[in-house]
Amino acid sequence: MNRRRFVRSSLLGAVGVLNVSRKLHLRALGLPSAPSQIQYIRNEIPSFAVPPLRGKTYDDLVPDTLDIAGRAKLGVHALTAVTDPGADDQIYWAVDLRRNPVIMQHQFDDYDVQVVEGFLEALPLLRVVTGSNLNDYIDEHWPRNFLRCLGPDGLFYLPLVGGPWDLPPGQGSGGVWGSNGTTTGNSSVTQISSSQLSARCLGTMALYYTRDGNPVWKDACHRMVKRLSQLVMRNQDYCYFPTGSLAPNASYGASAPAPLGLDAIEMNSRLPQGLSQYCRAAGDEQALLLAGQLVTFIRHHSGAFDGQGRFLWSDSDRRSLGWGYNAKYEVVGGHGHGRTIALLSLLEYALASGDKDTAAFVRTSFEWAKGQQGSPFGVSTLVGWFPEWYYPQYPTCEGCIAADMVALAVRLSAAGVGDYWDEVCRWVRNDFAEQQLTSFDWIYRSTEHLPIQPIPPHAVSQNTPERNVGAFAGWSSGNDWVLNDGIMHCCTGNGNRTIYYVWENMIQHNASELRVNLLLNHASRLADVYSYLPYSGRVDLKMKTDCRNVLVRAPEWIPSGTPEMRCSIAGVARSPQWDGRYVRLGPVEAGNTVTVQFPIKTRTVRERIGPETYTLVLKGNTVVSIDPPGEHGPLYADRSPCGEGDLKWRKVSRFIADESLVW
């Protein structure tokens, strides 16, 4: 699918690399820093201040295995390094890795993606994980520009004049609604809003309010919810927003029909999440009521899901699928990320409202999406590969759906709605980890033989591969990072938010117990976790506080109740008690080290991923090689030492924030 065409249509209707990239601080690139010509809907904004990030930083020696905090540092780099100081630090949303030279290019979708797909939300979350101050001037510039986009009516408006982009041709899906309740083209409109924009805006402002307590964000959320409540179309026990965008002071026509399928979920399904996050942060029950009515529409009237949670094709899906595919006769399937981001939104509402029926629906739909192993859709739950489109033989995975599925597995498990920690472990270690760009030399090697092309308008080529380290793949296959153009930064926003979800829930604790859900390196106020996997079956916990009970989850290949899980406290063997999939170790005092050991084996499997079948070698549940290898950006290319080499240790800088953000 041409995601760019779809986004604009729906709107108008590792650490070493970081050290190198610090030298590429945007102000040192010689890029213009003069005020841009972008014409916002307002210039006077209320005062705000980004609170300093407080916490403890310390050096540590950790196993050289997957480190989520290290991936979060790469995420901070990508989120802030793909911005343009000459355009008020707006991102370049599209990156073409299959041309010479590689470019980043402004398009109309830039700011839409920056807001709707979570850049402004992910950055403060990853700051909490890492303590990184890389390009931290962005933390002030983005909220300032955000406030300049809030109109007098409370909605968020994209400026159409003065930006470094090409306006999209035509009026898009649904046109632009005006003050008289009719639609027009976009030629005379200078500011546009949409229900789609409001969703992540509400979530972002709720996050900022949670972080700093500034009433600026609470008041802005309140005004946005009030305006949305005035605009929404109501029908008995549900409500909806039609397709199309909104000019200032616009209204929908009285007969505006309810959208269906992909149009319906793009215009409506993300809002319940933002509304629920705002209600949780500020206690606005009106927001939760609106979210509930939208949830009823999405579940029962949108045509995007059936009663069993299966994804359903719609005409709007078929229009967006793109050339070379014919879904005329397809019934079950459709755009993956459109559905999975909707499920995340529905789950947020279910948890905020206590709606167990909606939570069960989300779980059922998630089970269907991941349960297509062996189907023509090519899902691989072994590595966590999901197709961009649930369409037979579709060849690529969009980074957004890979991130959504991990996020759903984490949040369902953390909330006790299901138990998917084994899936999280497999997916994070394999496809999700490989989706994030951690090196750039291969990009230069794969494009140097291509004919040199001129740089198109609104594009840059200088240090583009370096600046995108930490981004997430737009179109990857089972063995290759780039099967299409390269990067859509919607995937970078959603992928990096998912990094926070994983990091936040790797361990859970209350007054009486510490529960380790994922056997990955992790630092916290209670304990630091050191994972030897996949080199050997061992995990150490260095306790920082007394704990009345410590529970550690067994790897999925270790059966419950087996004596194969050997545990010791400060070198003294302790017989654990099994509690489901966890070993219960009892009380542990601060200063002691808990060691858990278990067998780990190497195996070879044949696995279908997308339309192709591969031979995978796994140690435990970590892929250490794939055959055939990829051509442009081979996945799993640097993992062979994990299968047979000795464990190495590396020095890292750990950060423990004084206050975490429960998100």
# chains A, B, ... in the order shown; residues from 1 in each chain; ligands from 1

call {"tool": "residues_around", "arguments": {"residues": "Gln462 in chain A", "least_positions_apart": "5", "cutoff": "10 Å", "atoms": "only C-alpha atoms", "output": "list in words"}}
result
Leu29, Pro101, Val102, Ile103, Met104 and Arg467 of chain A

call {"tool": "select_by_dssp", "arguments": {"residues": "range 64-303 of chain A", "states": "strand (DSSP E or B)", "output": "PyMOL selection string"}}
result
chain A and resi 67+83-84+90-91+94-96+100+103-105+150+156+158-159+176-177+183-184+191-193+233-235+238-240+245-246

call {"tool": "select_by_dssp", "arguments": {"residues": "range 47-142 of chain A", "states": "alpha helix (DSSP H)", "output": "ChimeraX atom specification"}}
result
/A:68-81,110-116,119-130,138-142

call {"tool": "residues_around", "arguments": {"residues": "Tyr325 in chain A", "least_positions_apart": "6", "cutoff": "10 Å", "atoms": "only C-alpha atoms", "output": "list of chain:residue names"}}
result
A:Met1, A:Arg318, A:Tyr391, A:Pro392, A:Tyr394

call {"tool": "atom_distance", "arguments": {"atom1": "CA of Gly309 in chain A", "atom2": "CA of Thr364 in chain A"}}
result
5.9 Å

call {"tool": "closest_residue", "arguments": {"among": "A:Val232, A:Asp212, A:Ala81, A:Ile45", "to": "Phe146 in chain A", "atoms": "only C-alpha atoms"}}
result
A:Ile45

call {"tool": "closest_residue", "arguments": {"among": "A:Asp422, A:Tyr636, A:Ser132, A:Asn496", "to": "Lys56 in chain A", "atoms": "only C-alpha atoms"}}
result
A:Ser132

call {"tool": "closest_residue", "arguments": {"among": "A:Ala72, A:Val594, A:Leu518, A:Val62", "to": "Ala554 in chain A", "atoms": "only C-alpha atoms"}}
result
A:Leu518

call {"tool": "residues_around", "arguments": {"residues": "range 476-482 of chain A", "least_positions_apart": "6", "cutoff": "6 Å", "atoms": "only C-alpha atoms", "output": "number ranges by chain"}}
result
A: 396-397, 609, 629-630, 633-635

call {"tool": "closest_residue", "arguments": {"among": "A:Gly75, A:Pro456, A:Gly333, A:Pro248", "to": "Asn494 in chain A", "atoms": "only C-alpha atoms"}}
result
A:Gly75

call {"tool": "closest_residue", "arguments": {"among": "A:Lys648, A:Lys226, A:Lys328, A:Arg211", "to": "Ala281 in chain A", "atoms": "only C-alpha atoms"}}
result
A:Arg211

call {"tool": "residues_around", "arguments": {"residues": "His522 in chain A", "least_positions_apart": "2", "cutoff": "9 Å", "atoms": "only C-alpha atoms", "output": "number ranges by chain"}}
result
A: 67-69, 503, 506-507, 519-520, 524, 527-531

call {"tool": "closest_residue", "arguments": {"among": "A:Arg515, A:Arg71, A:His632, A:Arg54", "to": "Val469 in chain A", "atoms": "only C-alpha atoms"}}
result
A:Arg71
